[in-house]
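Input: a single structure, listed below in structure tokens.
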Amino acid sequence: MADDSRGGAPADPAFQIAWDEFEEALAGYLSTMVDSDDHLIVELPGDERTGAAPYVQFASFGDGTRLRAEVSGNCFLGPDYVLDDAEEALLRRVGFAVDTSEGAQTGNWYVERSVVDAPAVAQLAVLALQEVLGVTHPHLLTHQAWGPAADGVAALGLCSSSDVPVEKAPIEKVTEKATEKAARRRTAYRPKNRQKLIKLVGRVLDEKYDGCPEPDDDGDYGVRHMGQPVWVRVREDQPAVEIFARVTHGVRSRRGTAVEVGLLNRDHLWLKWELRGRDVWQKLVVPGFPFVPEHLDGMLDVFMDAMTSTRDDLALRVGGRTA
């Protein structure tokens, strides 16, 4: 399971249509930013105490003839959103740079273009949001806008950031661990490869079980339930997370066990049991693109509850042994 080329981001036609429509609307809006007071920020909602969530901001300058677009950099991003070397290299390759001039607020990646190049600026911004910042769908974004052009900001189809409540614990009760948890409450992730998805899965397990072992050489995580291992694996052949455990082994009759397995599969919506040789495996697959931490968290509970209610009875019926 060392192949990093799999488990990445397949094309989703419905999502891509939404991004295309957003890019067109953004280009139209940017073309109206012809006053030096015009500013726009599109962002994921977040709690600033954990570091910034991803954002792209735009400003008009040069007497309304030029546009500047800035992509949030690691100096400002929260720990859950930090860009890696490959993502920064992509920004550099398409024309973004980090402002290192004297007195500049360094850390963000920027491009500057003529306002007549608004479609090209919008295209670069959407590329950064999708491919670098990992925003799954444009409707997850909110906006802040000011200046004369702000009268037309509704054309973007985004909620105002001020209309989206962000749950915050009282300052005096915010611990380091609570801060880390808040940073992980992103709605969905768009992992670019299998290794990134493995790390996201590890974060969910670490939070759910108050720490979990490091993945093995294959990238599988092991947790324990009912005195035996339960494995959580990011599949190599597709972007999906598989939860599985050998719930019974050494069954007496393969034919009789197949009947029992068929009954379990009939009665459970999310889970599947498989007979392999004289072993029975229980498994459940969770989509990994987009990856929603709450889905994995909830499906782990479904898996463990089903294992608790069926494992020992299954072993008794088929004359098998539990681990």
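Order determines the names: the first chain of the structure tokens is A, the second B, and so forth; residues in each chain are numbered 1 upward, and ligands are numbered 1 upward as they are shown.
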Looking only at alpha helix (DSSP H) from DSSP on the backbone, list the matching residues of stretch 82-243 of chain A as a ChimeraX atom specification. /A:85-93,118-127,176-183,194-208
Contacts of A:Val115 at 8 Å (only C-alpha atoms; same-chain gap of 3+ positions) as a PDB file with C-alpha atoms, in the first residue's frame:
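Saved result, part_9.pdb, follows:
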ATOM      1  CA  LEU A  30     -13.738  41.286 -10.595  1.00  0.00           C
ATOM      2  CA  SER A  31     -14.272  43.206 -13.834  1.00  0.00           C
ATOM      3  CA  MET A  33     -13.676  46.342  -9.270  1.00  0.00           C
ATOM      4  CA  VAL A  34     -12.471  49.583 -10.816  1.00  0.00           C
ATOM      5  CA  GLY A  64      -8.879  51.027 -10.783  1.00  0.00           C
ATOM      6  CA  THR A  65      -6.881  49.633 -13.697  1.00  0.00           C
ATOM      7  CA  ARG A  66      -5.147  46.771 -11.867  1.00  0.00           C
ATOM      8  CA  LEU A  67      -6.190  43.787  -9.760  1.00  0.00           C
ATOM      9  CA  ALA A 118     -10.298  39.561 -14.747  1.00  0.00           C
TER      10      ALA A 118
END
Closest atom pairs, stretch 17-48 of chain A residues within 12 Å of stretch 131-140 of chain A, only C-alpha atoms, as CSV:
residue,atom,partner,partner_atom,distance
A:Ile17,CA,A:His137,CA,10.0
A:Ala18,CA,A:Pro138,CA,6.9
A:Trp19,CA,A:Pro138,CA,6.1
A:Asp20,CA,A:Pro138,CA,9.6
A:Glu21,CA,A:Pro138,CA,9.4
A:Phe22,CA,A:Pro138,CA,6.8
A:Glu23,CA,A:Pro138,CA,9.3
A:Ala25,CA,A:Pro138,CA,11.3
A:Leu26,CA,A:Pro138,CA,10.9
A:Val42,CA,A:Pro138,CA,9.4
A:Glu43,CA,A:Leu140,CA,8.4
A:Leu44,CA,A:Leu140,CA,6.4
A:Pro45,CA,A:Leu140,CA,8.2
A:Gly46,CA,A:Leu140,CA,11.4
Those residues with C-alpha atoms, as an mmCIF file, in the first residue's frame please?
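So the final result, stored in result28.cif, reads:
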data_model
loop_
_atom_site.group_PDB
_atom_site.id
_atom_site.type_symbol
_atom_site.label_atom_id
_atom_site.label_comp_id
_atom_site.auth_asym_id
_atom_site.auth_seq_id
_atom_site.Cartn_x
_atom_site.Cartn_y
_atom_site.Cartn_z
ATOM 1 C CA ILE A 17 -20.053 22.509 -13.064
ATOM 2 C CA ALA A 18 -20.483 24.454 -9.817
ATOM 3 C CA TRP A 19 -16.852 25.576 -9.947
ATOM 4 C CA ASP A 20 -17.173 26.632 -13.592
ATOM 5 C CA GLU A 21 -20.247 28.708 -12.784
ATOM 6 C CA PHE A 22 -18.499 30.281 -9.802
ATOM 7 C CA GLU A 23 -15.436 31.126 -11.901
ATOM 8 C CA ALA A 25 -19.443 34.844 -11.761
ATOM 9 C CA LEU A 26 -16.155 35.752 -10.081
ATOM 10 C CA VAL A 42 -13.788 34.585 -0.393
ATOM 11 C CA GLU A 43 -13.079 32.218 2.465
ATOM 12 C CA LEU A 44 -13.960 29.100 4.397
ATOM 13 C CA PRO A 45 -15.574 29.920 7.751
ATOM 14 C CA GLY A 46 -13.274 29.313 10.706
#
Of the candidates A:Asp117, A:Lys192, A:Pro54, A:Pro148, which shows the shortest atom-to-atom distance to A:Asp35, using only C-alpha atoms?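 Once distances to A:Asp35 are computed over only C-alpha atoms, the minimum belongs to A:Pro148.
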Measuring atom to atom with only C-alpha atoms, identify which of A:Tyr189, A:Trp231, A:Tyr29, A:Phe289 is nearest to A:Ala122.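 Nearest to A:Ala122: A:Tyr29.
With atom CA of A:Arg252 on one side and atom CA of A:His225 on the other, the separation reads 24.4 Å.
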Counting only C-alpha atoms, figure out which residue out of A:Gly152, A:Gly202, A:Gly157, A:Gly319 gets nearest to A:Val223. A:Gly202
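Counting only C-alpha atoms, A:Val111 has the following residues at most 12 Å away, ignoring those fewer than 6 positions along the same chain: Val56, Gln57, Phe58, Ala59, Arg66, Leu67, Arg68, Ala69, Glu70, Val71, Leu91, Arg92, Arg93, Val94, Gly95, Phe96, Ala97, Val98, Asp99, Asp117, Ala118, Ala120, Val121, Ala122, Gln123, Leu124, Ala125 and Ala128 of chain A.
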How far is it from atom CA of A:Arg311 to atom CA of A:Glu214, in Å with one decimal?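 Separation between atom CA of A:Arg311 and atom CA of A:Glu214: 26.7 Å.
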Leaving out stretch 294-298 of chain A and any residue of its chain fewer than 2 positions from it, which residues lie within 12 Å of it when counting only C-alpha atoms, given as a PyMOL selection string? chain A and resi 184-189+197+200-209+232-234+240-243+270+284-292+300-305
Would you mind exporting the chosen residues as a short mmCIF file (atom, residue, chain, number, x, y, z; two decimals), in the first residue's frame, restricted to N, CA, C and O atoms?
data_model
loop_
_atom_site.label_atom_id
_atom_site.label_comp_id
_atom_site.auth_asym_id
_atom_site.auth_seq_id
_atom_site.Cartn_x
_atom_site.Cartn_y
_atom_site.Cartn_z
N ARG A 184 -10.13 21.11 13.25
CA ARG A 184 -10.40 19.94 12.41
C ARG A 184 -11.86 19.84 12.00
O ARG A 184 -12.25 18.87 11.37
N ARG A 185 -12.68 20.80 12.38
CA ARG A 185 -14.11 20.71 12.07
C ARG A 185 -14.43 21.26 10.70
O ARG A 185 -15.45 21.92 10.51
N ARG A 186 -13.57 21.01 9.77
CA ARG A 186 -13.83 21.42 8.40
C ARG A 186 -14.92 20.52 7.83
O ARG A 186 -14.99 19.34 8.13
N THR A 187 -15.77 21.07 6.99
CA THR A 187 -16.89 20.30 6.46
C THR A 187 -16.43 19.11 5.64
O THR A 187 -16.91 18.00 5.80
N ALA A 188 -15.50 19.34 4.72
CA ALA A 188 -15.04 18.27 3.83
C ALA A 188 -13.64 18.59 3.33
O ALA A 188 -13.25 19.76 3.26
N TYR A 189 -12.93 17.55 3.00
CA TYR A 189 -11.58 17.69 2.47
C TYR A 189 -11.53 17.09 1.06
O TYR A 189 -12.30 16.17 0.73
N LEU A 197 -4.88 11.40 2.39
CA LEU A 197 -6.09 10.79 2.96
C LEU A 197 -5.73 9.96 4.20
O LEU A 197 -6.47 9.97 5.19
N LEU A 200 -5.44 12.31 7.10
CA LEU A 200 -6.75 12.79 7.55
C LEU A 200 -7.46 11.73 8.39
O LEU A 200 -8.08 12.04 9.41
N VAL A 201 -7.37 10.47 7.96
CA VAL A 201 -7.97 9.38 8.72
C VAL A 201 -7.32 9.28 10.10
O VAL A 201 -7.99 9.10 11.12
N GLY A 202 -6.00 9.40 10.14
CA GLY A 202 -5.28 9.32 11.41
C GLY A 202 -5.73 10.39 12.38
O GLY A 202 -5.84 10.15 13.60
N ARG A 203 -6.03 11.59 11.88
CA ARG A 203 -6.47 12.67 12.75
C ARG A 203 -7.82 12.34 13.38
O ARG A 203 -8.06 12.62 14.56
N VAL A 204 -8.72 11.76 12.58
CA VAL A 204 -10.04 11.39 13.12
C VAL A 204 -9.87 10.33 14.21
O VAL A 204 -10.47 10.44 15.29
N LEU A 205 -9.05 9.32 13.95
CA LEU A 205 -8.86 8.26 14.94
C LEU A 205 -8.18 8.78 16.20
O LEU A 205 -8.52 8.38 17.32
N ASP A 206 -7.22 9.67 16.03
CA ASP A 206 -6.51 10.21 17.17
C ASP A 206 -7.46 10.99 18.08
O ASP A 206 -7.38 10.88 19.31
N GLU A 207 -8.37 11.73 17.47
CA GLU A 207 -9.33 12.49 18.26
C GLU A 207 -10.39 11.59 18.88
O GLU A 207 -10.75 11.74 20.04
N LYS A 208 -10.86 10.61 18.12
CA LYS A 208 -11.95 9.76 18.59
C LYS A 208 -11.51 8.85 19.73
O LYS A 208 -12.25 8.63 20.69
N TYR A 209 -10.29 8.33 19.63
CA TYR A 209 -9.82 7.35 20.62
C TYR A 209 -8.77 7.94 21.55
O TYR A 209 -8.06 7.19 22.22
N VAL A 232 -8.37 0.05 10.07
CA VAL A 232 -8.90 1.14 9.27
C VAL A 232 -7.87 1.41 8.18
O VAL A 232 -6.74 1.79 8.47
N ARG A 233 -8.28 1.23 6.93
CA ARG A 233 -7.36 1.27 5.80
C ARG A 233 -7.86 2.24 4.73
O ARG A 233 -9.05 2.28 4.42
N VAL A 234 -6.93 2.99 4.17
CA VAL A 234 -7.23 3.76 2.96
C VAL A 234 -6.91 2.86 1.77
O VAL A 234 -5.78 2.40 1.62
N ALA A 240 -11.22 5.64 -0.90
CA ALA A 240 -12.20 5.13 0.05
C ALA A 240 -11.48 4.64 1.29
O ALA A 240 -10.32 4.23 1.24
N VAL A 241 -12.19 4.68 2.41
CA VAL A 241 -11.66 4.21 3.69
C VAL A 241 -12.42 2.95 4.07
O VAL A 241 -13.66 2.96 4.11
N GLU A 242 -11.69 1.90 4.35
CA GLU A 242 -12.30 0.61 4.67
C GLU A 242 -12.04 0.26 6.13
O GLU A 242 -10.89 0.29 6.59
N ILE A 243 -13.09 -0.06 6.86
CA ILE A 243 -13.00 -0.55 8.23
C ILE A 243 -13.25 -2.06 8.18
O ILE A 243 -14.24 -2.50 7.58
N TRP A 270 -25.38 -0.91 6.00
CA TRP A 270 -24.07 -0.33 5.72
C TRP A 270 -22.94 -1.34 5.71
O TRP A 270 -21.90 -1.11 5.10
N LEU A 284 -16.78 -2.36 6.28
CA LEU A 284 -17.61 -1.21 5.94
C LEU A 284 -16.72 -0.23 5.18
O LEU A 284 -15.58 0.01 5.58
N VAL A 285 -17.23 0.33 4.10
CA VAL A 285 -16.46 1.26 3.27
C VAL A 285 -17.08 2.64 3.34
O VAL A 285 -18.30 2.80 3.18
N VAL A 286 -16.23 3.65 3.58
CA VAL A 286 -16.65 5.05 3.66
C VAL A 286 -16.00 5.81 2.51
O VAL A 286 -14.79 5.66 2.28
N PRO A 287 -16.74 6.61 1.76
CA PRO A 287 -16.12 7.40 0.68
C PRO A 287 -15.00 8.30 1.22
O PRO A 287 -15.11 8.87 2.30
N GLY A 288 -13.93 8.42 0.43
CA GLY A 288 -12.80 9.24 0.83
C GLY A 288 -12.64 10.50 0.03
O GLY A 288 -11.72 11.29 0.27
N PHE A 289 -13.52 10.73 -0.96
CA PHE A 289 -13.45 11.96 -1.74
C PHE A 289 -14.85 12.44 -2.11
O PHE A 289 -15.53 11.76 -2.87
N PRO A 290 -15.33 13.52 -1.59
CA PRO A 290 -14.64 14.27 -0.54
C PRO A 290 -14.63 13.49 0.76
O PRO A 290 -15.51 12.65 1.00
N PHE A 291 -13.64 13.77 1.60
CA PHE A 291 -13.53 13.10 2.89
C PHE A 291 -14.18 13.97 3.95
O PHE A 291 -13.81 15.12 4.13
N VAL A 292 -15.19 13.40 4.62
CA VAL A 292 -15.92 14.12 5.67
C VAL A 292 -15.60 13.44 7.00
O VAL A 292 -16.03 12.31 7.24
N LEU A 300 -17.61 4.47 12.21
CA LEU A 300 -16.88 3.66 13.18
C LEU A 300 -17.82 3.19 14.28
O LEU A 300 -17.75 2.03 14.71
N ASP A 301 -18.70 4.06 14.73
CA ASP A 301 -19.68 3.66 15.75
C ASP A 301 -20.62 2.59 15.21
O ASP A 301 -20.94 1.62 15.91
N VAL A 302 -21.07 2.77 13.97
CA VAL A 302 -21.95 1.77 13.35
C VAL A 302 -21.24 0.42 13.29
O VAL A 302 -21.83 -0.63 13.61
N PHE A 303 -19.99 0.42 12.88
CA PHE A 303 -19.22 -0.82 12.74
C PHE A 303 -19.06 -1.50 14.09
O PHE A 303 -19.31 -2.72 14.22
N MET A 304 -18.65 -0.74 15.10
CA MET A 304 -18.40 -1.34 16.42
C MET A 304 -19.69 -1.85 17.05
O MET A 304 -19.71 -2.92 17.67
N ASP A 305 -20.79 -1.11 16.89
CA ASP A 305 -22.07 -1.56 17.45
C ASP A 305 -22.52 -2.87 16.81
O ASP A 305 -23.01 -3.78 17.50
#
